[in-house]
Amino acid sequence: VPIQYAVEHFATAVAATSGSLAARGKQVDLFGVVVLAQVTALGGGTLRDVILDARPVFWVADPGYVITATLAALFIFVVARFLTMPRKFLLLADAGGLALFTALGVNKALATGVSPVVAVAMGVMTGVAGGIIRDVLTQEIPLVFRHHINLYATASLCGATVFALLQSRVDPGTVWSLAIATTLVLRLAAIQWEIRLPLFHAR
Amino acid sequence: VPIQYAVEHFATAVAATSGSLAARGKQVDLFGVVVLAQVTALGGGTLRDVILDARPVFWVADPGYVITATLAALFIFVVARFLTMPRKFLLLADAGGLALFTALGVNKALATGVSPVVAVAMGVMTGVAGGIIRDVLTQEIPLVFRHHINLYATASLCGATVFALLQSRVDPGTVWSLAIATTLVLRLAAIQWEIRLPLFHAR
Amino acid sequence: VPIQYAVEHFATAVAATSGSLAARGKQVDLFGVVVLAQVTALGGGTLRDVILDARPVFWVADPGYVITATLAALFIFVVARFLTMPRKFLLLADAGGLALFTALGVNKALATGVSPVVAVAMGVMTGVAGGIIRDVLTQEIPLVFRHHINLYATASLCGATVFALLQSRVDPGTVWSLAIATTLVLRLAAIQWEIRLPLFHAR
């Protein structure tokens with residue numbers, strides 16, 4: 001539980017950062033940025049808890065997550081005025097959120113006793129949902145459906161599978177590290193070398 | 001319950017097909033197509049179960065639905081490379097999903113003891129939600145709000161009403177057949193002869 | 001509870017009106033307008049009840065809300081053919097829905113015993129969610145993220161904070177009036193004099 005807790009707070013801050021950065025060039029105001037950060041950071045986990053009926057929803061039980069996301073958004077709001085943040089920074093924060101939330105999703109799903117297939121699906125959903133909501137709200141095509149976005153949901157699927165396979169076999173620290181590293185390394189390698197799955201071609 | 005089960009698996013495959021076909025011309029990769037198929041096939045029922053608090057959510061209880069949707073998506077991914085699928089095919093799969101999910105939604109809602117008005121609303125919601133999410137994610141105007149789309153939510157409403165009215169009066173097989181046929185025939189007839197409700201005109 | 005009930009029905013009608021008016025110029029048919037009105041009017045409260053696990057969801061328990069929203073949509077559908085409704089009317093109905101749903105959200109959240117921070121977050125979410133869904137479905141940029149939209153989520157935040165601060169200190173009538181007035185006055189004043197928060201500027 002302490003690992004879940006620490007990782008969840010860190011993931012919240014990272015995802016809130018990616019949510020805030022998505023507001024660039026969109027002329028969103030201060031509180032709009034906070035809302036976007038909250039939705040990106042808390043959306044995936046909320047969906048996970050509601051579907052698994054894991055009550056109360058994590059941020060209802062502990063308002064610390066709401067505060068963490070708000071502080072991260074305010075920090076980015078101020079810092080972005082003075083520091084140039086290349087687009088790579090959003091992609092990096094997004095990849096971090098993807099890796100962390102995937103592991104968190106599988107872990108919480110397994111803890112409620114669902115089957116491994118459902119736990120993996122729940123991990124992918126927790127990983128990609130926040131970013132999808134962020135992209136829909138800012139009228140971007142969700143990263144998961146863009147052809148030049150390499151191994152997005154796929155990286156999440158691999159990390160989730162690693163977590164589910166190792167969970168009852170090795171110690172928690174190793175499970176978390178390997179699962180998070182799998183998603184992160186796959187996603188970053190795919191960005192760097194433009195690795196991708198075959199595209200859908202319809203005649 | 002066996003009817004619910006068989007129809008639900010068939011509906012999942014049909015809706016997953018419509019979700020996969022929505023990826024045409026969008027340059028979505030293999031796993032993106034699977035995600036789109038899952039969301040289209042499982043979205044409406046998930047919303048229904050969460051709002052009705054019917055636990056566990058159907059695909060959490062039985063991962064078979066996740067697998068059915070995945071297999072349908074992979075099948076379409078391969079087949080679409082070799083066979084030409086006219087746009088009518090997407091509309092047909094969508095109409096099938098609409099009719100089946102509407103009946104499934106009303107049935108499950110009535111089983112939890114809600115009032116007929118709520119059961120009909122739940123049927124329409126289950127019928128249209130998956131397709132709406134699919135269209136939002138692929139940045140299309142949802143079919144339900146397009147003027148040249150004839151009797152969409154209306155066909156679902158009629159099928160749902162037939163189900164709710166007949167349910168305690170005739171045998172299950174008749175209820176399911178008539179409700180599904182009502183939605184399907186209305187929707188297909190409306191496409192064929194361009195039947196539509198009056199449009200919203202604001203001065 | 002009676003205040004909650006009366007305000008909720010009134011808010012439903014107001015939000016359904018804003019949902020219906022969003023269909024202008026979009027060539028949505030009669031039942032599409034009803035669906036849009038329902039989603040706008042019932043979406044925020046549904047999200048609130050599902051996340052708080054306040055069961056049954058308000059409109060499942062009382063189908064009167066579904067009927068109220070439907071009647072409001074039909075009324076607007078007919079009236080809009082004969083009366084010119086300026087765009088200000090949509091903004092006014094939207095501001096009314098924002099103010100009312102914010103108060104309703106905080107009140108219901110506080111009644112379930114969550115912390116004040118969560119109750120305020122829940123108020124803002126209930127206030128803005130219906131309108132966000134409406135805008136996403138009609139492919140508009142959500143009001144909350146538009147730069148020329150003045151003090152939107154901010155007005156909701158202030159109203160929610162007023163409610164949470166006063167709730168255990170003064171009588172219910174005063175709490176409701178002051179909270180609703182705070183959101184409404186701030187939002188309308190901001191529209192009138194173009195008051196706004198600083199925008200997000202990234203170098």
# chains A, B, ... in the order shown; residues from 1 in each chain; ligands from 1
$ interface_residues --of "chain A" --to "chain B" --cutoff "7 Å" --atoms "only C-alpha atoms" --output "ChimeraX atom specification"
/A:51,114,117-118,141-142,144-147,153-154,197-203
$ residues_around --residues "stretch 184-192 of chain B" --least-positions-apart "4" --cutoff "6 Å" --atoms "only C-alpha atoms" --output "PyMOL selection string"
chain B and resi 99+150-151+155
$ select_by_dssp --residues "chain A" --states "alpha helix (DSSP H)" --output "ChimeraX atom specification"
/A:2-21,30-52,58-61,64-79,87-111,116-137,153-166,172-193
$ atom_distance --atom1 "atom CA of C:Leu166" --atom2 "atom CA of C:Ala129"
24.2 Å
$ calpha_fit_and_write --fixed "chain B" --moving "chain C" --output "mmCIF file with C-alpha atoms, in the first residue's frame"
data_model
loop_
_atom_site.group_PDB
_atom_site.id
_atom_site.type_symbol
_atom_site.label_atom_id
_atom_site.label_comp_id
_atom_site.auth_asym_id
_atom_site.auth_seq_id
_atom_site.Cartn_x
_atom_site.Cartn_y
_atom_site.Cartn_z
ATOM 1 C CA VAL C 1 -30.208 -15.223 -18.540
ATOM 2 C CA PRO C 2 -28.916 -17.564 -21.324
ATOM 3 C CA ILE C 3 -30.579 -15.336 -23.965
ATOM 4 C CA GLN C 4 -28.982 -12.260 -22.360
ATOM 5 C CA TYR C 5 -25.612 -14.070 -22.476
ATOM 6 C CA ALA C 6 -25.718 -15.244 -26.093
ATOM 7 C CA VAL C 7 -27.098 -11.960 -27.407
ATOM 8 C CA GLU C 8 -24.506 -10.005 -25.413
ATOM 9 C CA HIS C 9 -21.587 -11.918 -26.938
ATOM 10 C CA PHE C 10 -22.998 -11.575 -30.442
ATOM 11 C CA ALA C 11 -23.665 -7.860 -29.896
ATOM 12 C CA THR C 12 -20.106 -7.434 -28.624
ATOM 13 C CA ALA C 13 -18.683 -8.915 -31.827
ATOM 14 C CA VAL C 14 -20.970 -6.804 -34.029
ATOM 15 C CA ALA C 15 -20.178 -3.572 -32.190
ATOM 16 C CA ALA C 16 -16.452 -4.369 -32.176
ATOM 17 C CA THR C 17 -16.718 -4.734 -35.948
ATOM 18 C CA SER C 18 -18.298 -1.285 -36.260
ATOM 19 C CA GLY C 19 -15.578 0.101 -33.963
ATOM 20 C CA SER C 20 -12.804 -1.419 -36.049
ATOM 21 C CA LEU C 21 -14.276 -0.170 -39.313
ATOM 22 C CA ALA C 22 -14.428 3.365 -37.887
ATOM 23 C CA ALA C 23 -10.614 3.308 -38.001
ATOM 24 C CA ARG C 24 -10.587 3.312 -41.824
ATOM 25 C CA GLY C 25 -8.756 6.192 -43.336
ATOM 26 C CA LYS C 26 -7.621 7.318 -39.870
ATOM 27 C CA GLN C 27 -4.205 5.577 -39.899
ATOM 28 C CA VAL C 28 -4.768 3.903 -36.557
ATOM 29 C CA ASP C 29 -2.333 1.117 -35.682
ATOM 30 C CA LEU C 30 -3.180 -2.508 -34.808
ATOM 31 C CA PHE C 31 -3.628 -1.997 -31.088
ATOM 32 C CA GLY C 32 -5.408 1.321 -31.589
ATOM 33 C CA VAL C 33 -8.008 -0.616 -33.594
ATOM 34 C CA VAL C 34 -8.379 -3.092 -30.727
ATOM 35 C CA VAL C 35 -8.851 -0.237 -28.238
ATOM 36 C CA LEU C 36 -11.455 1.395 -30.480
ATOM 37 C CA ALA C 37 -13.301 -1.925 -30.850
ATOM 38 C CA GLN C 38 -13.291 -2.499 -27.078
ATOM 39 C CA VAL C 39 -14.580 0.975 -26.297
ATOM 40 C CA THR C 40 -17.368 0.699 -28.858
ATOM 41 C CA ALA C 41 -18.359 -2.816 -27.810
ATOM 42 C CA LEU C 42 -18.065 -2.485 -24.028
ATOM 43 C CA GLY C 43 -18.763 1.240 -23.496
ATOM 44 C CA GLY C 44 -22.566 1.227 -23.497
ATOM 45 C CA GLY C 45 -22.904 -1.784 -21.221
ATOM 46 C CA THR C 46 -20.267 -0.432 -18.845
ATOM 47 C CA LEU C 47 -22.159 2.851 -18.514
ATOM 48 C CA ARG C 48 -25.416 0.907 -17.947
ATOM 49 C CA ASP C 49 -23.947 -1.314 -15.219
ATOM 50 C CA VAL C 50 -22.184 1.570 -13.470
ATOM 51 C CA ILE C 51 -25.313 3.761 -13.427
ATOM 52 C CA LEU C 52 -27.584 0.883 -12.359
ATOM 53 C CA ASP C 53 -24.936 -0.241 -9.851
ATOM 54 C CA ALA C 54 -25.247 -3.752 -11.322
ATOM 55 C CA ARG C 55 -22.037 -5.300 -9.962
ATOM 56 C CA PRO C 56 -19.663 -6.537 -11.060
ATOM 57 C CA VAL C 57 -19.686 -4.798 -14.469
ATOM 58 C CA PHE C 58 -20.399 -7.470 -17.098
ATOM 59 C CA TRP C 59 -16.896 -7.672 -18.611
ATOM 60 C CA VAL C 60 -15.189 -7.562 -15.211
ATOM 61 C CA ALA C 61 -17.247 -10.597 -14.205
ATOM 62 C CA ASP C 62 -16.601 -12.404 -17.488
ATOM 63 C CA PRO C 63 -13.428 -11.519 -19.444
ATOM 64 C CA GLY C 64 -14.908 -13.442 -22.375
ATOM 65 C CA TYR C 65 -16.372 -10.168 -23.644
ATOM 66 C CA VAL C 66 -12.920 -8.536 -23.752
ATOM 67 C CA ILE C 67 -11.640 -11.525 -25.708
ATOM 68 C CA THR C 68 -14.619 -11.574 -28.103
ATOM 69 C CA ALA C 69 -14.119 -7.886 -28.909
ATOM 70 C CA THR C 70 -10.360 -8.362 -29.385
ATOM 71 C CA LEU C 71 -10.838 -11.323 -31.752
ATOM 72 C CA ALA C 72 -13.447 -9.441 -33.791
ATOM 73 C CA ALA C 73 -11.070 -6.464 -34.120
ATOM 74 C CA LEU C 74 -8.138 -8.679 -35.216
ATOM 75 C CA PHE C 75 -10.399 -10.465 -37.697
ATOM 76 C CA ILE C 76 -11.523 -7.178 -39.274
ATOM 77 C CA PHE C 77 -7.935 -5.865 -39.246
ATOM 78 C CA VAL C 78 -6.828 -8.800 -41.404
ATOM 79 C CA VAL C 79 -9.937 -9.188 -43.565
ATOM 80 C CA ALA C 80 -10.160 -5.485 -44.447
ATOM 81 C CA ARG C 81 -6.816 -5.786 -46.269
ATOM 82 C CA PHE C 82 -8.216 -8.296 -48.717
ATOM 83 C CA LEU C 83 -11.941 -7.623 -48.979
ATOM 84 C CA THR C 84 -13.508 -4.328 -49.960
ATOM 85 C CA MET C 85 -15.984 -3.290 -47.287
ATOM 86 C CA PRO C 86 -18.395 -0.632 -48.415
ATOM 87 C CA ARG C 87 -19.386 2.084 -45.931
ATOM 88 C CA LYS C 88 -22.818 0.426 -45.798
ATOM 89 C CA PHE C 89 -21.150 -2.408 -43.908
ATOM 90 C CA LEU C 90 -20.216 -0.071 -41.028
ATOM 91 C CA LEU C 91 -23.776 1.293 -40.977
ATOM 92 C CA LEU C 92 -25.176 -2.245 -40.940
ATOM 93 C CA ALA C 93 -22.905 -3.398 -38.093
ATOM 94 C CA ASP C 94 -23.765 -0.191 -36.251
ATOM 95 C CA ALA C 95 -27.519 -0.815 -36.716
ATOM 96 C CA GLY C 96 -27.093 -4.381 -35.439
ATOM 97 C CA GLY C 97 -25.230 -3.182 -32.366
ATOM 98 C CA LEU C 98 -27.871 -0.494 -31.780
ATOM 99 C CA ALA C 99 -30.741 -3.009 -31.898
ATOM 100 C CA LEU C 100 -29.040 -5.655 -29.746
ATOM 101 C CA PHE C 101 -27.652 -3.322 -27.083
ATOM 102 C CA THR C 102 -30.985 -1.518 -26.766
ATOM 103 C CA ALA C 103 -32.743 -4.796 -25.922
ATOM 104 C CA LEU C 104 -29.921 -5.834 -23.569
ATOM 105 C CA GLY C 105 -30.069 -2.485 -21.786
ATOM 106 C CA VAL C 106 -33.826 -2.554 -21.182
ATOM 107 C CA ASN C 107 -33.699 -6.159 -20.040
ATOM 108 C CA LYS C 108 -30.935 -5.612 -17.480
ATOM 109 C CA ALA C 109 -32.561 -2.397 -16.229
ATOM 110 C CA LEU C 110 -35.966 -4.068 -15.763
ATOM 111 C CA ALA C 111 -34.248 -6.930 -13.904
ATOM 112 C CA THR C 112 -32.955 -4.448 -11.301
ATOM 113 C CA GLY C 113 -36.513 -3.268 -10.683
ATOM 114 C CA VAL C 114 -36.391 0.309 -11.986
ATOM 115 C CA SER C 115 -39.480 2.020 -13.410
ATOM 116 C CA PRO C 116 -40.370 1.485 -17.111
ATOM 117 C CA VAL C 117 -39.424 5.092 -18.038
ATOM 118 C CA VAL C 118 -35.935 4.625 -16.597
ATOM 119 C CA ALA C 119 -35.608 1.185 -18.229
ATOM 120 C CA VAL C 120 -36.420 2.650 -21.655
ATOM 121 C CA ALA C 121 -33.968 5.542 -21.103
ATOM 122 C CA MET C 122 -31.353 2.991 -20.069
ATOM 123 C CA GLY C 123 -32.019 0.937 -23.220
ATOM 124 C CA VAL C 124 -31.519 3.951 -25.483
ATOM 125 C CA MET C 125 -28.369 4.920 -23.555
ATOM 126 C CA THR C 126 -26.898 1.417 -23.802
ATOM 127 C CA GLY C 127 -27.753 1.356 -27.507
ATOM 128 C CA VAL C 128 -26.258 4.693 -28.505
ATOM 129 C CA ALA C 129 -23.394 5.231 -26.008
ATOM 130 C CA GLY C 130 -20.786 2.908 -27.547
ATOM 131 C CA GLY C 131 -21.211 4.465 -30.968
ATOM 132 C CA ILE C 132 -21.112 7.996 -29.553
ATOM 133 C CA ILE C 133 -17.817 7.280 -27.762
ATOM 134 C CA ARG C 134 -16.435 5.719 -30.979
ATOM 135 C CA ASP C 135 -17.377 8.814 -32.986
ATOM 136 C CA VAL C 136 -16.042 11.277 -30.400
ATOM 137 C CA LEU C 137 -12.697 9.435 -30.267
ATOM 138 C CA THR C 138 -12.313 9.416 -34.049
ATOM 139 C CA GLN C 139 -13.443 13.058 -34.252
ATOM 140 C CA GLU C 140 -16.619 12.359 -36.177
ATOM 141 C CA ILE C 141 -19.978 13.969 -35.401
ATOM 142 C CA PRO C 142 -21.859 11.234 -33.482
ATOM 143 C CA LEU C 143 -24.350 9.468 -35.797
ATOM 144 C CA VAL C 144 -27.152 10.316 -33.380
ATOM 145 C CA PHE C 145 -26.679 14.039 -34.068
ATOM 146 C CA ARG C 146 -26.279 13.965 -37.859
ATOM 147 C CA HIS C 147 -29.180 15.294 -39.874
ATOM 148 C CA HIS C 148 -28.791 12.860 -42.743
ATOM 149 C CA ILE C 149 -28.836 9.949 -40.297
ATOM 150 C CA ASN C 150 -32.372 8.754 -40.239
ATOM 151 C CA LEU C 151 -34.223 7.564 -37.124
ATOM 152 C CA TYR C 152 -31.205 6.633 -35.036
ATOM 153 C CA ALA C 153 -32.008 7.188 -31.376
ATOM 154 C CA THR C 154 -35.674 7.077 -32.404
ATOM 155 C CA ALA C 155 -35.349 3.486 -33.651
ATOM 156 C CA SER C 156 -33.670 2.602 -30.362
ATOM 157 C CA LEU C 157 -36.471 4.305 -28.401
ATOM 158 C CA CYS C 158 -39.142 2.308 -30.260
ATOM 159 C CA GLY C 159 -37.356 -0.994 -29.728
ATOM 160 C CA ALA C 160 -36.846 -0.206 -26.056
ATOM 161 C CA THR C 161 -40.521 0.704 -25.632
ATOM 162 C CA VAL C 162 -41.641 -2.514 -27.318
ATOM 163 C CA PHE C 163 -39.442 -4.507 -24.927
ATOM 164 C CA ALA C 164 -40.704 -2.716 -21.828
ATOM 165 C CA LEU C 165 -44.380 -3.036 -22.866
ATOM 166 C CA LEU C 166 -44.280 -6.727 -23.812
ATOM 167 C CA GLN C 167 -41.850 -8.016 -21.197
ATOM 168 C CA SER C 168 -44.323 -9.275 -18.595
ATOM 169 C CA ARG C 169 -46.936 -10.295 -21.154
ATOM 170 C CA VAL C 170 -45.373 -12.699 -23.654
ATOM 171 C CA ASP C 171 -42.530 -15.251 -23.590
ATOM 172 C CA PRO C 172 -38.902 -14.041 -23.581
ATOM 173 C CA GLY C 173 -38.104 -15.286 -27.108
ATOM 174 C CA THR C 174 -40.940 -13.199 -28.558
ATOM 175 C CA VAL C 175 -40.015 -10.123 -26.509
ATOM 176 C CA TRP C 176 -36.370 -10.219 -27.628
ATOM 177 C CA SER C 177 -37.214 -10.919 -31.287
ATOM 178 C CA LEU C 178 -39.850 -8.205 -31.562
ATOM 179 C CA ALA C 179 -37.780 -5.580 -29.757
ATOM 180 C CA ILE C 180 -34.619 -6.254 -31.779
ATOM 181 C CA ALA C 181 -36.607 -6.414 -35.030
ATOM 182 C CA THR C 182 -38.367 -3.126 -34.257
ATOM 183 C CA THR C 183 -35.110 -1.188 -33.864
ATOM 184 C CA LEU C 184 -33.364 -2.899 -36.775
ATOM 185 C CA VAL C 185 -36.239 -2.649 -39.269
ATOM 186 C CA LEU C 186 -36.969 0.988 -38.392
ATOM 187 C CA ARG C 187 -33.310 1.968 -38.694
ATOM 188 C CA LEU C 188 -32.702 0.086 -41.963
ATOM 189 C CA ALA C 189 -35.992 1.266 -43.486
ATOM 190 C CA ALA C 190 -35.078 4.817 -42.503
ATOM 191 C CA ILE C 191 -31.679 4.500 -44.198
ATOM 192 C CA GLN C 192 -33.248 2.974 -47.331
ATOM 193 C CA TRP C 193 -36.094 5.474 -47.780
ATOM 194 C CA GLU C 194 -34.511 8.436 -45.972
ATOM 195 C CA ILE C 195 -37.257 8.656 -43.361
ATOM 196 C CA ARG C 196 -36.510 11.227 -40.705
ATOM 197 C CA LEU C 197 -37.936 13.250 -37.881
ATOM 198 C CA PRO C 198 -38.328 17.010 -38.261
ATOM 199 C CA LEU C 199 -35.043 18.890 -37.767
ATOM 200 C CA PHE C 200 -34.410 21.557 -35.166
ATOM 201 C CA HIS C 201 -34.954 24.950 -36.757
ATOM 202 C CA ALA C 202 -34.164 28.014 -34.729
ATOM 203 C CA ARG C 203 -35.110 31.423 -36.088
#
